[in-house]
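Enquirer: Pasting in a structure now, in structure tokens, and then I'll have a few things to ask.
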Amino acid sequence: MQKIITSIVTNPAKSKMKSCDKVHLSDLESNLWGMHIKLDLDFLDKLLKSSSKNKNYFIDKGFVSKIGCGYNKNRKRCLTFYTWFNKGKAMSFLTLSKIIKLSNYSFDGMEKYVVAVAFGRTGKKVFIKFPIEINKGLGNIVGHILGDGSIGRRDKAVFYSNSNIELLKEFRNHMKSIFGIEPRIWVQEKPNFGKTKWMKRIPELREIPNGHNVGLFYPKVCGVILQAIFGKFANGKHKCITEQIKNSNKQFKIGLLRSFFDDEGSVSCDSYTIRYHQDKKDILEDIRILLKYFDIAPNEIRSYLKKNKERYYLNITGFKEYHRLYNLIGCTSSRKAEQFELLINKVKNGKHLRYKYRDYLCRVTPTLLQ
């Protein structure tokens with residue numbers, strides 16, 4: 001199969017609103033109440049000394065009162081400090097905020113010393129590093145959640161389900177890169193009259209039985225942080241593309257569109273069509289806007305009835321659109337990528353259209369014919 005060249009010469013239209021490349025702990029301050037933060041112990045000692053102005057801060061009753069911790073009259077000291085230094089416990093974000101305000105440090109100045117974050121005192125810790133880079137990997141996570149994933153409305157747990165091992169590995173790897181943890185992996189039984197049940201938990205993706213769907217589960221802290229950055233783009237069954245997502249940078253948008261296409265898109269060589277499927281029309285309308293950002297012009301959104309329910313779809317037709325979508329956005333599914341290449345080559349080598357598209361490719365990718 002002829003290789004598709006990936007060089008691009010025209011730049012996507014610039015966003016009218018400013019996008020950011022990194023999110024600092026201070027950017028999330030108003031969204032992190034209920035969180036618990038574990039700091040590097042050497043830095044924590046320096047921070048408490050700076051905040052209390054006393055090297056014996058653990059017996060400073062006035063300082064202990066200011067930061068809202070308890071003071072043991074019999075031991076004449078704050079035992080909460082013991083749990084931080086000797087038990088490995090994390091402090092509440094509220095307590096950390098009080099300590100920071102009394103110290104010579106800022107949130108941004110101390111964020112590199114964050115070791116772990118958890119929601120609640122007993123919540124599972126994630127080993128996230130601040131500042132968080134808004135990159136293609138994070139866009140990939142958000143795109144998959146908008147596709148075949150979710151964030152629980154009540155528990156805020158992150159969930160992603162698929163049967164494609166390539167997509168499962170992709171989601172797991174990006175979550176590991178950003179949050180530093182592995183998922184709980186559950187295998188579903190094969191559907192029986194539309195109903196599915198969880199069959200068993202497995203330790204590794206390589207142990208997935210053939211033909212079974214798999215769910216990846218992540219703790220509440222992941223969902224809370226994702227919603228703190230991107231708004232409630234996924235909240236139970238409700239999903240949308242928020243203003244924060246629309247105003248994100250180019251690489252994030254590429255990651256989102258790529259994973260969303262892997263979950264919700266299809267390629268048909270017979271009908272010369274790329275198609276996005278979706279139950280929610282407003283999501284497709286926003287996907288259409290994001291595609292236009294990359295100078296990819298989709299068709300109008302259409303619908304059909306399936307089991308008495310209106311379902312929407314968005315088609316992409318035309319060689320220029322295929323070419324730009326494949327080279328700028330692409331997909332992770334090898335089967336889908338193969339169909340994509342077949343479609344592009346089928347159109348490019350068509351008897352009546354060969355010279356028309358040869359001229360286009362000469363303009364946009366000069367190296368293609370070398």
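Simple scheme: letters A, B, ... for chains in structure tokens order, numbers from 1 for residues in each chain, numbers from 1 for ligands in the order shown.
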Using DSSP on the backbone, list every residue of range 53-87 of chain A that comes out as alpha helix (DSSP H), and give them as a PyMOL selection string.
Expert: chain A and resi 61-66+80-85
Enquirer: Please return as number ranges by chain: the residues of range 167-344 of chain A that backbone DSSP assigns to strand (DSSP E).
Expert: A: 184-188, 198-202, 214-218, 234-235, 238-239, 265-268, 273-278, 302-306, 309-316
Enquirer: Please provide the set of residues having any atom within 9 Å of Ser177 in chain A, restricted to only C-alpha atoms, with same-chain residues fewer than 4 positions apart removed, written as a VMD selection string.
Expert: chain A and resid 128 137 172 to 173 181
Enquirer: Neighbours of Ile151 in chain A within 6 Å (only C-alpha atoms; same-chain residues fewer than 3 positions away dropped), as a CSV table (one decimal) with N, CA and C atoms, in the first residue's frame?
Expert:
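To be explicit, this is the file written out as part.csv:
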```csv
chain,number,residue,atom,x,y,z
A,156,LYS,N,-17.8,11.1,40.4
A,156,LYS,CA,-16.7,11.8,39.6
A,156,LYS,C,-15.6,10.8,39.2
A,157,ALA,N,-15.9,9.5,39.3
A,157,ALA,CA,-14.9,8.5,38.8
A,157,ALA,C,-14.8,8.6,37.3
A,158,VAL,N,-13.6,8.4,36.8
A,158,VAL,CA,-13.4,8.4,35.3
A,158,VAL,C,-13.5,6.9,34.8
A,223,GLY,N,-11.4,12.6,38.0
A,223,GLY,CA,-12.5,13.3,37.4
A,223,GLY,C,-12.7,14.8,37.9
A,234,ALA,N,-18.1,16.2,30.8
A,234,ALA,CA,-18.8,14.9,31.0
A,234,ALA,C,-19.3,14.9,32.5
A,235,ASN,N,-20.6,14.7,32.6
A,235,ASN,CA,-21.1,14.7,34.0
A,235,ASN,C,-22.3,13.7,33.9
A,236,GLY,N,-22.0,12.4,34.3
A,236,GLY,CA,-23.0,11.4,34.1
A,236,GLY,C,-23.3,11.2,32.6
```
Enquirer: With a distance cut-off of 7 Å and only C-alpha atoms, select the neighbouring residues of Asp148 in chain A, excluding the residue or stretch itself and same-chain residues fewer than 5 positions from it, and output the selection as a list in words.
Expert: Tyr160, Ser161, Asn162 and Asp263 of chain A
Enquirer: Each residue of range 241-277 of chain A with at least one atom at most 12 Å from range 297-315 of chain A should appear once, together with its nearest atom pair and the corresponding distance in Å (one decimal); atoms considered: only C-alpha atoms; ordering: chain, then increasing residue number; output as CSV.
Expert:
```
residue,atom,partner,partner_atom,distance
A:Phe261,CA,A:Leu314,CA,11.2
A:Glu264,CA,A:Tyr313,CA,9.7
A:Gly265,CA,A:Leu314,CA,9.2
A:Ser266,CA,A:Asn315,CA,9.6
A:Val267,CA,A:Asn315,CA,9.9
A:Ser268,CA,A:Asn315,CA,10.6
A:Ser271,CA,A:Asn315,CA,10.7
A:Tyr272,CA,A:Asn315,CA,9.9
A:Thr273,CA,A:Asn315,CA,6.4
A:Ile274,CA,A:Asn315,CA,5.6
A:Arg275,CA,A:Asn315,CA,4.5
A:Tyr276,CA,A:Leu314,CA,5.1
A:His277,CA,A:Tyr313,CA,4.6
```
Enquirer: Create the file for the chosen residues now, containing N, CA and C atoms and written as a PDB file, in the first residue's frame.
Expert:
```pdb
ATOM      1  N   PHE A 261     -12.692  10.520  17.027  1.00  0.00           N
ATOM      2  CA  PHE A 261     -12.912   9.813  15.767  1.00  0.00           C
ATOM      3  C   PHE A 261     -12.708   8.308  15.935  1.00  0.00           C
ATOM      4  N   GLU A 264     -16.029   7.299  17.761  1.00  0.00           N
ATOM      5  CA  GLU A 264     -17.325   7.619  17.164  1.00  0.00           C
ATOM      6  C   GLU A 264     -17.310   7.726  15.639  1.00  0.00           C
ATOM      7  N   GLY A 265     -16.164   7.510  15.023  1.00  0.00           N
ATOM      8  CA  GLY A 265     -16.071   7.672  13.576  1.00  0.00           C
ATOM      9  C   GLY A 265     -15.994   6.356  12.822  1.00  0.00           C
ATOM     10  N   SER A 266     -16.230   6.452  11.513  1.00  0.00           N
ATOM     11  CA  SER A 266     -16.132   5.273  10.649  1.00  0.00           C
ATOM     12  C   SER A 266     -15.652   5.712   9.268  1.00  0.00           C
ATOM     13  N   VAL A 267     -15.088   4.754   8.528  1.00  0.00           N
ATOM     14  CA  VAL A 267     -14.581   5.006   7.175  1.00  0.00           C
ATOM     15  C   VAL A 267     -15.238   4.023   6.227  1.00  0.00           C
ATOM     16  N   SER A 268     -15.821   4.544   5.149  1.00  0.00           N
ATOM     17  CA  SER A 268     -16.441   3.690   4.136  1.00  0.00           C
ATOM     18  C   SER A 268     -15.817   3.976   2.778  1.00  0.00           C
ATOM     19  N   SER A 271     -18.708   4.051  -0.119  1.00  0.00           N
ATOM     20  CA  SER A 271     -19.512   5.273  -0.270  1.00  0.00           C
ATOM     21  C   SER A 271     -18.662   6.536  -0.240  1.00  0.00           C
ATOM     22  N   TYR A 272     -17.320   6.379  -0.194  1.00  0.00           N
ATOM     23  CA  TYR A 272     -16.397   7.513  -0.176  1.00  0.00           C
ATOM     24  C   TYR A 272     -16.746   8.484   0.956  1.00  0.00           C
ATOM     25  N   THR A 273     -16.911   7.963   2.155  1.00  0.00           N
ATOM     26  CA  THR A 273     -17.408   8.790   3.247  1.00  0.00           C
ATOM     27  C   THR A 273     -16.663   8.533   4.555  1.00  0.00           C
ATOM     28  N   ILE A 274     -16.314   9.618   5.235  1.00  0.00           N
ATOM     29  CA  ILE A 274     -15.888   9.583   6.626  1.00  0.00           C
ATOM     30  C   ILE A 274     -17.090  10.039   7.439  1.00  0.00           C
ATOM     31  N   ARG A 275     -17.430   9.324   8.501  1.00  0.00           N
ATOM     32  CA  ARG A 275     -18.646   9.665   9.234  1.00  0.00           C
ATOM     33  C   ARG A 275     -18.414   9.628  10.745  1.00  0.00           C
ATOM     34  N   TYR A 276     -18.969  10.656  11.411  1.00  0.00           N
ATOM     35  CA  TYR A 276     -19.050  10.676  12.871  1.00  0.00           C
ATOM     36  C   TYR A 276     -20.481  10.345  13.267  1.00  0.00           C
ATOM     37  N   HIS A 277     -20.651   9.463  14.247  1.00  0.00           N
ATOM     38  CA  HIS A 277     -21.983   9.087  14.741  1.00  0.00           C
ATOM     39  C   HIS A 277     -22.148   9.626  16.163  1.00  0.00           C
TER      40      HIS A 277
END
```
Enquirer: List the neighbours of Gly231 in chain A out to 7 Å using only C-alpha atoms; skip same-chain residues closer than 3 positions along the sequence, and give me the result as a compact mmCIF listing (two decimals) with C-alpha atoms, in the first residue's frame.
Expert:
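Once written, part_12.txt looks like this:
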```
# COMPACT_ATOMS: atom_id res chain seq x y z
CA GLN A 227 -13.54 19.01 35.37
CA ALA A 228 -11.60 21.72 37.21
CA THR A 242 -17.18 23.33 26.94
CA GLN A 244 -12.53 25.63 28.04
```
Enquirer: List every residue of range 25-135 of chain A that has an atom at most 9 Å from any atom of range 204-219 of chain A, giving for each one its closest atom pair and the distance in Å to one decimal, counting only C-alpha atoms, sorted by chain and then by ascending residue number, as JSON lines.
Expert:
```
{"residue": "A:Ala118", "atom": "CA", "partner": "A:Pro219", "partner_atom": "CA", "distance": 8.8}
{"residue": "A:Phe119", "atom": "CA", "partner": "A:Pro219", "partner_atom": "CA", "distance": 8.6}
{"residue": "A:Gly123", "atom": "CA", "partner": "A:Pro219", "partner_atom": "CA", "distance": 7.8}
{"residue": "A:Lys124", "atom": "CA", "partner": "A:Pro219", "partner_atom": "CA", "distance": 6.5}
{"residue": "A:Lys125", "atom": "CA", "partner": "A:Pro219", "partner_atom": "CA", "distance": 8.4}
{"residue": "A:Val126", "atom": "CA", "partner": "A:Pro219", "partner_atom": "CA", "distance": 8.5}
```
Enquirer: Deliver the residues from the most recent selection as a file, using C-alpha atoms, as an mmCIF file, in the first residue's frame.
Expert:
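As a result, result.cif now contains:
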```cif
data_model
loop_
_atom_site.group_PDB
_atom_site.id
_atom_site.type_symbol
_atom_site.label_atom_id
_atom_site.label_comp_id
_atom_site.auth_asym_id
_atom_site.auth_seq_id
_atom_site.Cartn_x
_atom_site.Cartn_y
_atom_site.Cartn_z
ATOM 1 C CA ALA A 118 -6.254 12.537 46.672
ATOM 2 C CA PHE A 119 -9.895 13.430 47.138
ATOM 3 C CA GLY A 123 -9.280 8.624 48.717
ATOM 4 C CA LYS A 124 -6.871 6.909 46.363
ATOM 5 C CA LYS A 125 -3.782 8.987 45.615
ATOM 6 C CA VAL A 126 -2.670 10.017 42.141
#
```
Enquirer: For CA of Tyr105 in chain A and CA of Asn56 in chain A, quote the distance in Å rounded to one decimal.
Expert: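 These two atoms are separated by 18.8 Å.
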Enquirer: Which residue out of A:Met35, A:Val114, A:Ile202, A:Leu28 has the minimum interatomic distance to Pro183 in chain A when only C-alpha atoms are used?
Expert: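 Of the candidates, the smallest distance to Pro183 in chain A is held by A:Ile202.
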Enquirer: If you count only C-alpha atoms, which residues fall within 7 Å of Leu102 in chain A, apart from same-chain ones fewer than 3 positions away, as a list in words?
Expert: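 Result of the neighbour search: Ser51, Lys98 and Ile99 of chain A.
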Enquirer: Restricting the calculation to only C-alpha atoms, which member of A:Lys49, A:Lys76, A:Lys320, A:Lys200 is positioned closest to Ile100 in chain A?
Expert: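 Residue with the minimum atom-to-atom distance to Ile100 in chain A: A:Lys49.
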Enquirer: Looking at A:Met110, A:Leu44, A:Cys69, A:Ile141, which one is nearest to Leu226 in chain A, with distances taken over only C-alpha atoms?
Expert: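 Nearest to Leu226 in chain A: A:Ile141.
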Enquirer: What does the structure give for the distance between CA of Lys66 in chain A and CA of Gly34 in chain A, in Å to one decimal?
Expert: 19.1 Å
Enquirer: Restricting the calculation to only C-alpha atoms, which member of A:Lys197, A:Lys232, A:Lys239, A:Lys346 is positioned closest to Asp282 in chain A?
Expert: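 Ranked by minimum distance to Asp282 in chain A, first place goes to A:Lys239.
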Enquirer: Could you check how far CA of Asp27 in chain A sits from CA of Phe107 in chain A, in Å to one decimal?
Expert: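 Computing it gives 9.3 Å between the two atoms.
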Enquirer: For His323 in chain A, which residue out of A:Lys336, A:Asn345, A:Phe63, A:Ser26 is the nearest one, using only C-alpha atoms?
Expert: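 Selected residue with least distance to His323 in chain A: A:Asn345.
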